[in-house]
Structure formats: structure tokens, C-alpha cells
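Novice: Dropping in run-v3.txt, with compact mmCIF, C-alpha atoms and all ligand atoms.
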# COMPACT_ATOMS: atom_id res chain seq x y z
CA MET I 79 -29.22 -31.86 15.83
CA THR I 80 -28.93 -29.39 18.72
CA ASP I 81 -27.23 -26.01 18.55
CA ALA I 82 -23.83 -25.90 20.29
CA PRO I 83 -24.32 -24.51 23.81
CA ALA I 84 -23.44 -20.86 24.15
CA GLU I 85 -20.13 -20.27 25.85
CA PRO I 86 -18.73 -17.12 27.43
CA THR I 87 -15.12 -17.05 26.23
CA ARG I 88 -15.51 -14.11 23.84
CA ILE I 89 -17.46 -12.11 26.38
CA MET I 90 -14.74 -12.64 28.97
CA GLU I 91 -11.96 -11.84 26.51
CA ILE I 92 -13.59 -8.52 25.69
CA GLY I 93 -14.59 -7.81 29.29
CA THR I 94 -11.06 -8.32 30.57
CA GLY I 95 -9.46 -6.86 27.45
CA PHE I 96 -8.22 -3.92 29.52
CA MET I 97 -5.74 -6.32 31.17
CA ALA I 98 -4.18 -7.29 27.86
CA SER I 99 -4.26 -3.67 26.77
CA ARG I 100 -2.50 -2.54 29.95
CA VAL I 101 0.17 -5.26 29.61
CA LEU I 102 1.04 -3.89 26.17
CA LEU I 103 0.87 -0.24 27.27
CA SER I 104 3.15 -0.94 30.27
CA ALA I 105 5.54 -2.89 28.04
CA VAL I 106 5.82 0.16 25.77
CA GLU I 107 6.16 2.47 28.79
CA LEU I 108 9.01 0.28 30.14
CA ASP I 109 10.54 0.01 26.63
CA VAL I 110 10.50 -3.81 26.69
CA PHE I 111 10.72 -4.01 22.89
CA GLY I 112 13.59 -1.53 22.66
CA VAL I 113 15.53 -3.27 25.44
CA VAL I 114 15.08 -6.67 23.77
CA GLY I 115 16.00 -5.15 20.38
CA ALA I 116 17.63 -7.80 18.19
CA GLN I 117 18.78 -9.90 21.18
CA ARG I 118 17.52 -13.10 22.81
CA LEU I 119 17.47 -12.37 26.54
CA SER I 120 16.91 -14.60 29.57
CA ALA I 121 14.08 -13.61 31.90
CA GLU I 122 16.59 -12.53 34.54
CA ALA I 123 18.63 -10.39 32.13
CA LEU I 124 15.46 -8.75 30.83
CA ARG I 125 14.11 -8.26 34.35
CA GLN I 126 17.29 -6.52 35.46
CA ARG I 127 17.48 -4.31 32.39
CA LEU I 128 13.83 -3.24 32.88
CA ASP I 129 14.18 -2.89 36.67
CA ILE I 130 11.01 -4.81 37.50
CA HIS I 131 10.25 -6.90 40.60
CA PRO I 132 11.17 -10.63 40.56
CA ARG I 133 7.60 -11.54 41.48
CA ALA I 134 6.23 -9.84 38.34
CA ALA I 135 8.83 -10.72 35.72
CA THR I 136 8.03 -14.13 34.21
CA ASP I 137 4.25 -13.66 34.32
CA PHE I 138 4.68 -10.33 32.53
CA PHE I 139 7.05 -11.76 29.91
CA ASP I 140 5.01 -14.94 29.35
CA ALA I 141 1.78 -12.92 29.12
CA LEU I 142 3.49 -10.96 26.32
CA VAL I 143 4.45 -14.29 24.71
CA SER I 144 0.87 -15.58 24.89
CA LEU I 145 -0.41 -12.29 23.43
CA GLY I 146 1.97 -12.77 20.48
CA LEU I 147 4.07 -9.73 21.44
CA LEU I 148 7.30 -11.58 22.34
CA VAL I 149 8.57 -15.00 21.31
CA ARG I 150 10.22 -17.39 23.77
CA ALA I 151 12.62 -20.23 22.95
CA GLY I 152 13.16 -22.77 25.73
CA GLU I 153 11.71 -23.17 29.21
CA GLY I 154 12.53 -22.04 32.75
CA ALA I 155 16.04 -20.73 33.36
CA GLU I 156 16.98 -21.66 29.76
CA ALA I 157 14.20 -19.52 28.27
CA ARG I 158 15.23 -16.72 25.91
CA TYR I 159 12.86 -13.89 24.93
CA ALA I 160 12.97 -12.07 21.58
CA ASN I 161 10.85 -9.60 19.61
CA THR I 162 8.32 -10.82 17.05
CA PRO I 163 8.66 -9.43 13.49
CA GLU I 164 5.82 -6.97 14.31
CA THR I 165 7.21 -5.73 17.63
CA ALA I 166 10.68 -5.40 16.06
CA ALA I 167 9.24 -3.29 13.23
CA PHE I 168 6.71 -1.16 15.11
CA LEU I 169 7.62 -1.08 18.83
CA ASP I 170 11.42 -1.02 18.93
CA PRO I 171 12.34 2.71 18.98
CA ALA I 172 15.42 1.89 16.88
CA SER I 173 13.19 0.85 13.95
CA PRO I 174 12.41 3.45 11.22
CA SER I 175 8.75 2.32 11.30
CA TYR I 176 8.43 2.76 15.09
CA MET I 177 4.87 3.70 16.12
CA GLY I 178 4.98 3.09 19.89
CA SER I 179 4.44 6.82 20.48
CA ILE I 180 0.69 6.35 19.95
CA LEU I 181 0.69 3.66 22.66
CA THR I 182 2.74 5.88 24.99
CA MET I 183 0.08 8.56 24.56
CA ALA I 184 -2.71 6.00 24.99
CA GLY I 185 -1.10 4.65 28.16
CA ARG I 186 -0.59 8.07 29.73
CA ARG I 187 -3.88 9.67 28.71
CA LEU I 188 -6.57 7.59 27.00
CA TYR I 189 -6.33 4.61 29.35
CA GLN I 190 -7.41 6.86 32.26
CA HIS I 191 -9.95 8.90 30.28
CA TRP I 192 -11.69 5.78 28.95
CA GLY I 193 -12.38 4.86 32.60
CA ASN I 194 -14.99 7.65 32.41
CA LEU I 195 -16.74 6.24 29.33
CA THR I 196 -20.02 5.59 31.14
CA GLU I 197 -20.16 9.25 32.21
CA GLY I 198 -19.39 10.29 28.63
CA LEU I 199 -22.19 8.06 27.36
CA ARG I 200 -24.65 9.67 29.78
CA THR I 201 -23.59 13.29 29.38
CA GLY I 202 -22.17 13.47 25.85
CA LEU I 203 -19.33 15.56 27.30
CA PRO I 204 -15.55 15.11 26.86
CA GLN I 205 -13.87 13.01 29.54
CA ASN I 206 -10.26 14.11 28.96
CA GLU I 207 -8.32 17.18 30.14
CA ALA I 208 -11.30 19.30 28.95
CA ARG I 209 -13.67 17.54 31.36
CA ALA I 210 -13.95 20.71 33.44
CA GLY I 211 -14.73 22.75 30.28
CA GLY I 212 -12.78 24.71 27.70
CA ASP I 213 -11.37 23.83 24.30
CA PRO I 214 -10.02 20.23 24.20
CA PHE I 215 -6.91 21.09 22.15
CA GLU I 216 -6.08 24.07 24.42
CA ALA I 217 -6.50 21.77 27.45
CA ILE I 218 -4.31 18.98 26.03
CA TYR I 219 -1.66 21.46 24.85
CA ALA I 220 -1.51 23.34 28.20
CA ASP I 221 1.29 21.00 29.37
CA PRO I 222 4.35 21.09 27.05
CA GLN I 223 5.28 17.44 27.69
CA ARG I 224 1.70 16.34 26.98
CA LEU I 225 1.70 18.43 23.79
CA GLU I 226 4.91 16.74 22.67
CA GLU I 227 3.57 13.25 23.47
CA TYR I 228 0.25 13.96 21.75
CA VAL I 229 1.91 15.16 18.56
CA ALA I 230 4.35 12.21 18.58
CA GLY I 231 1.38 9.87 19.14
CA MET I 232 -0.43 11.25 16.08
CA ALA I 233 2.69 10.67 13.95
CA GLY I 234 2.93 7.11 15.31
CA VAL I 235 -0.64 6.10 14.51
CA GLN I 236 -0.53 7.56 10.99
CA HIS I 237 3.01 6.48 10.07
CA THR I 238 2.01 3.52 7.87
CA ASN I 239 -1.01 5.32 6.37
CA PHE I 240 1.14 8.27 5.32
CA ARG I 241 3.75 5.97 3.79
CA ILE I 242 1.08 4.10 1.79
CA LEU I 243 -0.61 7.34 0.70
CA ALA I 244 2.75 8.77 -0.45
CA GLU I 245 3.31 5.58 -2.51
CA ARG I 246 -0.18 5.05 -3.96
CA PHE I 247 -1.67 8.47 -4.60
CA ASN I 248 -0.55 10.04 -7.86
CA PHE I 249 1.24 13.06 -6.37
CA ALA I 250 3.35 13.19 -9.58
CA ARG I 251 0.49 15.14 -11.23
CA HIS I 252 0.71 17.92 -8.64
CA GLN I 253 3.11 20.65 -7.54
CA SER I 254 1.78 21.69 -4.11
CA VAL I 255 0.23 20.08 -1.03
CA CYS I 256 -1.16 21.55 2.18
CA ASP I 257 -1.63 19.30 5.20
CA VAL I 258 -4.32 20.97 7.28
CA GLY I 259 -3.79 20.21 11.00
CA GLY I 260 -0.41 18.77 9.98
CA ALA I 261 0.80 18.31 13.61
CA SER I 262 4.46 17.16 13.50
CA GLY I 263 4.73 17.60 9.72
CA ALA I 264 4.95 13.81 9.32
CA LEU I 265 2.77 13.64 6.21
CA CYS I 266 4.57 16.51 4.44
CA ILE I 267 7.91 14.87 5.26
CA ALA I 268 6.75 11.48 3.91
CA ILE I 269 5.47 12.88 0.61
CA ALA I 270 8.26 15.44 0.10
CA GLN I 271 10.84 12.67 0.51
CA ARG I 272 9.16 10.58 -2.17
CA HIS I 273 8.09 13.30 -4.62
CA PRO I 274 10.91 15.79 -5.24
CA GLN I 275 8.77 18.16 -7.38
CA LEU I 276 6.36 18.93 -4.50
CA THR I 277 6.38 21.90 -2.19
CA CYS I 278 4.32 21.47 0.98
CA ILE I 279 2.70 23.49 3.73
CA SER I 280 2.06 21.93 7.13
CA PHE I 281 -0.62 24.11 8.75
CA ASP I 282 -1.45 23.88 12.46
CA LEU I 283 -2.01 25.86 15.66
CA PRO I 284 0.90 28.06 16.88
CA GLN I 285 1.52 25.77 19.89
CA VAL I 286 2.32 22.90 17.51
CA THR I 287 4.35 24.53 14.74
CA PRO I 288 7.69 24.80 16.63
CA LEU I 289 7.69 20.98 16.99
CA ALA I 290 6.96 20.57 13.27
CA ARG I 291 9.72 23.05 12.32
CA ARG I 292 12.19 20.98 14.36
CA ARG I 293 11.21 17.75 12.61
CA VAL I 294 11.19 19.29 9.15
CA ALA I 295 14.66 20.78 9.75
CA ALA I 296 15.93 17.43 11.08
CA ALA I 297 14.67 15.80 7.86
CA GLY I 298 16.61 18.41 5.81
CA LEU I 299 13.40 19.59 4.10
CA ALA I 300 13.04 23.17 5.38
CA ASP I 301 13.46 24.51 1.81
CA ARG I 302 10.45 22.48 0.51
CA ILE I 303 8.13 22.33 3.53
CA GLU I 304 6.76 25.53 5.00
CA VAL I 305 5.37 25.12 8.52
CA ARG I 306 2.61 27.71 8.84
CA SER I 307 0.75 28.70 12.03
CA GLY I 308 -2.95 29.38 11.80
CA ASN I 309 -6.43 28.46 12.96
CA PHE I 310 -8.57 26.56 10.47
CA LEU I 311 -11.74 27.58 12.28
CA THR I 312 -11.13 31.30 11.79
CA ASP I 313 -8.59 31.59 8.93
CA ASP I 314 -8.80 30.68 5.25
CA LEU I 315 -6.86 27.53 4.36
CA PRO I 316 -3.56 27.93 2.47
CA ARG I 317 -3.98 27.45 -1.28
CA ALA I 318 -2.62 24.19 -2.74
CA GLU I 319 -3.40 21.66 -5.49
CA VAL I 320 -3.82 18.89 -2.91
CA ILE I 321 -5.27 19.49 0.55
CA VAL I 322 -4.94 16.68 3.11
CA MET I 323 -6.84 16.40 6.39
CA GLY I 324 -5.56 13.49 8.49
CA ASN I 325 -7.88 12.70 11.41
CA ILE I 326 -9.23 16.26 11.29
CA LEU I 327 -12.87 15.95 10.25
CA HIS I 328 -13.58 13.37 12.98
CA ASP I 329 -12.62 15.92 15.68
CA TRP I 330 -15.64 18.08 14.88
CA GLY I 331 -19.46 18.09 14.64
CA THR I 332 -21.36 18.19 11.37
CA ALA I 333 -21.44 21.98 10.95
CA THR I 334 -17.65 22.33 11.38
CA LYS I 335 -16.98 19.30 9.16
CA GLN I 336 -19.06 20.96 6.45
CA ALA I 337 -17.40 24.36 6.99
CA LEU I 338 -13.91 22.81 6.71
CA LEU I 339 -14.86 21.12 3.44
CA VAL I 340 -16.19 24.42 2.08
CA LYS I 341 -12.86 26.07 3.05
CA ALA I 342 -10.91 23.27 1.38
CA TYR I 343 -12.97 23.67 -1.81
CA ALA I 344 -12.24 27.42 -1.83
CA ALA I 345 -8.48 26.83 -1.38
CA LEU I 346 -8.20 24.27 -4.23
CA PRO I 347 -7.85 25.08 -7.96
CA PRO I 348 -10.20 23.34 -10.44
CA GLY I 349 -8.92 19.73 -10.68
CA GLY I 350 -7.50 19.95 -7.16
CA VAL I 351 -8.17 17.20 -4.66
CA LEU I 352 -9.03 16.94 -0.98
CA ILE I 353 -7.82 13.80 0.83
CA ALA I 354 -9.19 12.83 4.27
CA VAL I 355 -7.11 10.13 6.00
CA GLU I 356 -9.27 8.52 8.68
CA ASN I 357 -10.68 5.23 9.99
CA ILE I 358 -13.67 5.58 7.66
CA ILE I 359 -16.49 3.41 9.06
CA ASP I 360 -17.92 0.71 6.74
CA ASP I 361 -21.19 1.77 5.12
CA ALA I 362 -23.34 -0.64 7.19
CA ARG I 363 -21.56 0.35 10.45
CA ARG I 364 -20.95 -3.29 11.43
CA GLU I 365 -17.36 -4.20 10.66
CA ASN I 366 -14.81 -1.46 11.18
CA THR I 367 -14.55 -1.92 14.95
CA ILE I 368 -11.53 0.38 15.20
CA GLY I 369 -13.43 3.08 13.32
CA LEU I 370 -16.44 2.72 15.61
CA LEU I 371 -14.25 2.72 18.74
CA MET I 372 -12.40 5.75 17.36
CA SER I 373 -15.73 7.52 17.10
CA LEU I 374 -16.34 6.78 20.79
CA ASN I 375 -12.80 8.08 21.40
CA MET I 376 -14.02 11.35 19.87
CA LEU I 377 -16.78 11.34 22.50
CA ILE I 378 -14.05 11.13 25.15
CA GLU I 379 -11.68 13.63 23.47
CA THR I 380 -13.83 16.31 21.78
CA ARG I 381 -17.03 18.36 22.20
CA ASP I 382 -18.96 17.09 19.17
CA GLY I 383 -16.61 15.00 17.00
CA TYR I 384 -17.46 11.64 15.45
CA ASP I 385 -16.13 9.27 12.81
CA TYR I 386 -18.18 8.71 9.68
CA THR I 387 -18.92 6.50 6.68
CA PHE I 388 -17.89 7.15 3.09
CA PRO I 389 -21.49 7.99 1.99
CA GLN I 390 -21.56 10.70 4.68
CA PHE I 391 -18.23 12.08 3.40
CA ASP I 392 -19.54 11.98 -0.16
CA GLN I 393 -22.67 13.92 0.78
CA TRP I 394 -20.75 16.64 2.68
CA CYS I 395 -18.29 17.00 -0.21
CA ARG I 396 -21.01 17.32 -2.85
CA THR I 397 -22.76 19.94 -0.69
CA ALA I 398 -19.43 21.83 -0.57
CA GLY I 399 -19.30 21.78 -4.41
CA PHE I 400 -16.86 18.92 -5.15
CA ARG I 401 -17.68 17.15 -8.46
CA SER I 402 -16.65 13.57 -7.57
CA THR I 403 -15.34 11.43 -4.72
CA GLY I 404 -13.49 8.15 -4.27
CA ARG I 405 -11.73 6.03 -1.69
CA MET I 406 -8.39 4.29 -1.33
CA PRO I 407 -7.72 1.66 1.36
CA LEU I 408 -4.70 2.37 3.59
CA ALA I 409 -3.39 0.32 6.53
CA GLY I 410 -5.88 -1.88 8.43
CA PRO I 411 -9.00 0.10 9.36
CA ALA I 412 -7.86 3.35 7.68
CA SER I 413 -8.75 4.75 4.28
CA ALA I 414 -8.19 7.86 2.25
CA ALA I 415 -11.46 9.50 1.22
CA LEU I 416 -10.89 11.70 -1.84
CA ALA I 417 -12.89 14.55 -3.34
CA TRP I 418 -12.08 16.34 -6.63
CA LYS I 419 -12.98 19.94 -7.39
C1 LIG Q 1 -6.15 14.46 15.66
S1 LIG Q 1 -4.83 15.52 15.28
C2 LIG Q 1 -4.38 14.95 13.65
C3 LIG Q 1 -2.97 15.28 13.28
C4 LIG Q 1 -2.50 14.80 11.89
N1 LIG Q 1 -3.22 15.45 10.82
C5 LIG Q 1 -2.63 13.31 11.74
O1 LIG Q 1 -3.25 12.83 10.80
O2 LIG Q 1 -2.07 12.61 12.59
C6 LIG Q 1 -5.67 17.05 14.95
C7 LIG Q 1 -4.73 18.19 14.58
O3 LIG Q 1 -5.51 19.35 14.30
C8 LIG Q 1 -4.88 20.46 14.88
N2 LIG Q 1 -5.87 21.51 15.13
C9 LIG Q 1 -6.89 21.46 16.03
N3 LIG Q 1 -7.61 22.59 15.97
C10 LIG Q 1 -7.02 23.37 15.03
C11 LIG Q 1 -7.32 24.65 14.50
N4 LIG Q 1 -8.38 25.34 14.96
N5 LIG Q 1 -6.54 25.14 13.52
C12 LIG Q 1 -5.45 24.43 13.06
N6 LIG Q 1 -5.14 23.20 13.51
C13 LIG Q 1 -5.91 22.68 14.48
C14 LIG Q 1 -4.28 19.91 16.15
O4 LIG Q 1 -3.26 20.75 16.68
C15 LIG Q 1 -3.77 18.55 15.69
O5 LIG Q 1 -2.47 18.63 15.19
Starting from the coordinates I provided, produce the structure as C-alpha cells.
Ligand SMILES: C[S@@+](CC[C@H](N)C(=O)[O-])C[C@H]1O[C@@H](n2cnc3c(N)ncnc32)[C@H](O)[C@@H]1O
Specialist:
Amino acid sequence: MTDAPAEPTRIMEIGTGFMASRVLLSAVELDVFGVVGAQRLSAEALRQRLDIHPRAATDFFDALVSLGLLVRAGEGAEARYANTPETAAFLDPASPSYMGSILTMAGRRLYQHWGNLTEGLRTGLPQNEARAGGDPFEAIYADPQRLEEYVAGMAGVQHTNFRILAERFNFARHQSVCDVGGASGALCIAIAQRHPQLTCISFDLPQVTPLARRRVAAAGLADRIEVRSGNFLTDDLPRAEVIVMGNILHDWGTATKQALLVKAYAALPPGGVLIAVENIIDDARRENTIGLLMSLNMLIETRDGYDYTFPQFDQWCRTAGFRSTGRMPLAGPASAALAWK
């Protein structure tokens, strides 16, 4: 028996994956999924609503069909395009679980910056707005529209994780939560809505807190969520029974990761818990592709950040003084890593 001959399909799919990626990012940019909404539209109706060129329309729509991002009933002039259950839930802006904001941010920023990956691999230096030097967050936040899109993008990518954490973690045992680097306040909003006994602090840089205050006020939770400005590198962390860090530790090198965990330990009471919500890489570093790619994204976006495995988290937490650790799976590649004081 001979081995099946090697064939290059997977290599080509990955090598040209940027085409599929760009089709989705442009579809989000053009609001294809919002325009389709709950309707079944002909190619011509959809083309006109999106204002795209006749030459491009059916290839674009049928590419989305073949990628499983639209469904089509019928052929030719009779064809009608509709959202899939996933695009209706996650990419139609009218949906409460909309998360297209992360793809808007990816399309406007990361798509270009990842074009410099080879340079990042050679130099180890950020390839984003901080390419010329300076602090990456200062550089990203220098443009108010980019700041707004970045913060909305963070809320989009974590939406499902925050919902699952609010459901599964036993917040009923606690009275206070601080979300360190809380960005838009999305996590505090999700858990305050579900757990009426909790008061929350969303702590972030002063450039970000006005956006969070707006969202907290719009959610009618200003009496239970305090949005506090500060700098976690130079200030103590606010005291709380539960401290959450969503996609914070991966932004920084080992020394800052360790320092943040020491600060979290100091801000917690005995019995308090730290929760890191990240794409924790599998222990053998073979399977969590999104986690590994996210770590390369930290090469592009930060000076020394990287994603990590649970044993690494456990070791840093024990060094900081925590007595035990655990993990809770969240959506897809994401987990909550927990450490108890
Ligand atoms: C990758 S985002 C994560 C946002 C959010 N926690 C989440 O899970 O989506 C990192 C957050 O850390 C905040 N941040 C960065 N440096 C900070 C600092 N020195 N002090 C306070 N917040 C900071 C950023 O403004 C941003 O909101």
C-alpha cells in the first residue's frame, strides 16, 4: 500500500487566506449583513443598496455564499441572498449580540499592519501606529475616531466571553468587581445586569473613560458602575473582591505581567479572586491557533506583549502570592484563568 500523494490544497487555502479574510472585512465595512437583515434580496437589489459596481457584485455575493457567510436560494436572476444564523446573530448591527466592531477595527487597522509581519519577525518591534516609536496605546488613541473604533472592537471580540463569564462564574458570592483596563465598560455592564447585588469599577486610561461613562449611562447603570480613570502601571489598583483583566496581561512583557499580578493580589481581600479573560494557549502550544496568532498580533501591536499558557499563568500567580488557580472555558479559543488569594 502506498501513501496518498501529498497535495497542496491546504497550503493554498492558508496562503491565499487573506483573500477570504478581506472579503469578510469588506462585507462588514459595506454593512452587507445589516443591509440584508432579515430579508431575502436579489443580487441586483443588494448591489444597489450597497452601491457596488455591477462587475463585482455576483462574485462578491457568491464568494460570501461559498464561505458560508450568506445563503442563496435559486440561481441567476431568481437568486435571493439571506443571512446565515451566524451572520444574523453576530454581524447584523441590529442584533443584540453584534460583534462586527472587531472586524471593522481589523479591516481598518490590523489588515494593513499585518502586511509588515516579516519586518516584525526580524526586528521584534511593533508594526502598528507605534512603528515610529512611542507608547502603542498613546499612538492608537491619538486619533479620536480610531480610539472609538478600537474600544468598540474590544467590546465586540469579548462580547460572548463576557456573557458566558457573567453566567458561569459565581458572582453571587461577591459584592464588588473591578475590571482593570475595562475599556468601554462592557464587562461591568454584562455582570451588573445579571447580578443586582454587585457594584463595579471599570478602570482605564483617561482617554477611554468618557466613552465608558457614555455606555454605562446608556445602560442605566451609572449608580452601580463607577468609571475610574487611572494608570495601572503607575497607580495602585482599585480594591475589590473580584478583579478582572480581559486581554490585559497579553499586552505586556513578563516583568509587567508579574507586576500587574502583584498589584491585583494587593488590591484583593483574602478569598478574593483574579480572573484573566484571554485566548489562553494550550499547554503543548499546538492547538489553539487563534491564541498563537493573537500572540503574534501582540508582536504587531505592542512592545513586548505575548499570549501565554495556563501553566505560565499559574506560575506568575503563585509567585505573586495567590494560593490556588483554575480555569474555565469561555467561547471558542478563549478561557478565564482564575487565581484565588
Ligand atoms: C486589549 S484592551 C482590552 C480591553 C478589555 N479589557 C477587553 O477585555 O476587551 C487593553 C485595555 O487596557 C487599557 N490600558 C492600557 N494601558 C493602560 C494603563 N497603563 N492603565 C490603565 N489601562 C490601560 C487600554 O486602554 C485598553 O482598554
Novice: Could you give me, as a ChimeraX atom specification, every polymer residue with an atom at most 6 Å away from an atom of ligand LIG 1 (chain Q), counting only C-alpha atoms and all ligand atoms?
Specialist: /I:232-233,236,259-261,282-283,308-311,323-326
Novice: Tell me, as a list in words, which residues lie within 12 Å of range 83-96 of chain I, counting all atoms listed in the file; anything in the same chain fewer than 4 positions away does not count.
Specialist: Met79, Arg100, Val101, Leu102, Leu103, Ser104, Leu145, Gly185, Leu188, Tyr189, Gln190, Trp192 and Gly193 of chain I
Novice: Neighbours of Asp221 in chain I within 12 Å (all atoms listed in the file; same-chain residues fewer than 6 positions away dropped), as a ChimeraX atom specification?
Specialist: /I:207,215,227-228,285
Novice: Show which residues sit within 12 Å of Gly298 in chain I, as a ChimeraX atom specification. Count all atoms listed in the file, and ignore same-chain residues fewer than 4 positions away.
Specialist: /I:267,270-271,291-294,302-303
Novice: Which residues are close to Pro411 in chain I, i.e. within 8 Å by all atoms listed in the file, leaving aside same-chain residues fewer than 3 positions away? Reply as a PyMOL selection string.
Specialist: chain I and resi 357-358+366+368-369+408
Novice: Which residue, I:Ser280, I:Gln390, I:Ser144, I:Thr287, has the smallest gap to Ala415 in chain I when you use only C-alpha atoms?
Specialist: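 Counting only C-alpha atoms, the residue closest to Ala415 in chain I is I:Gln390.
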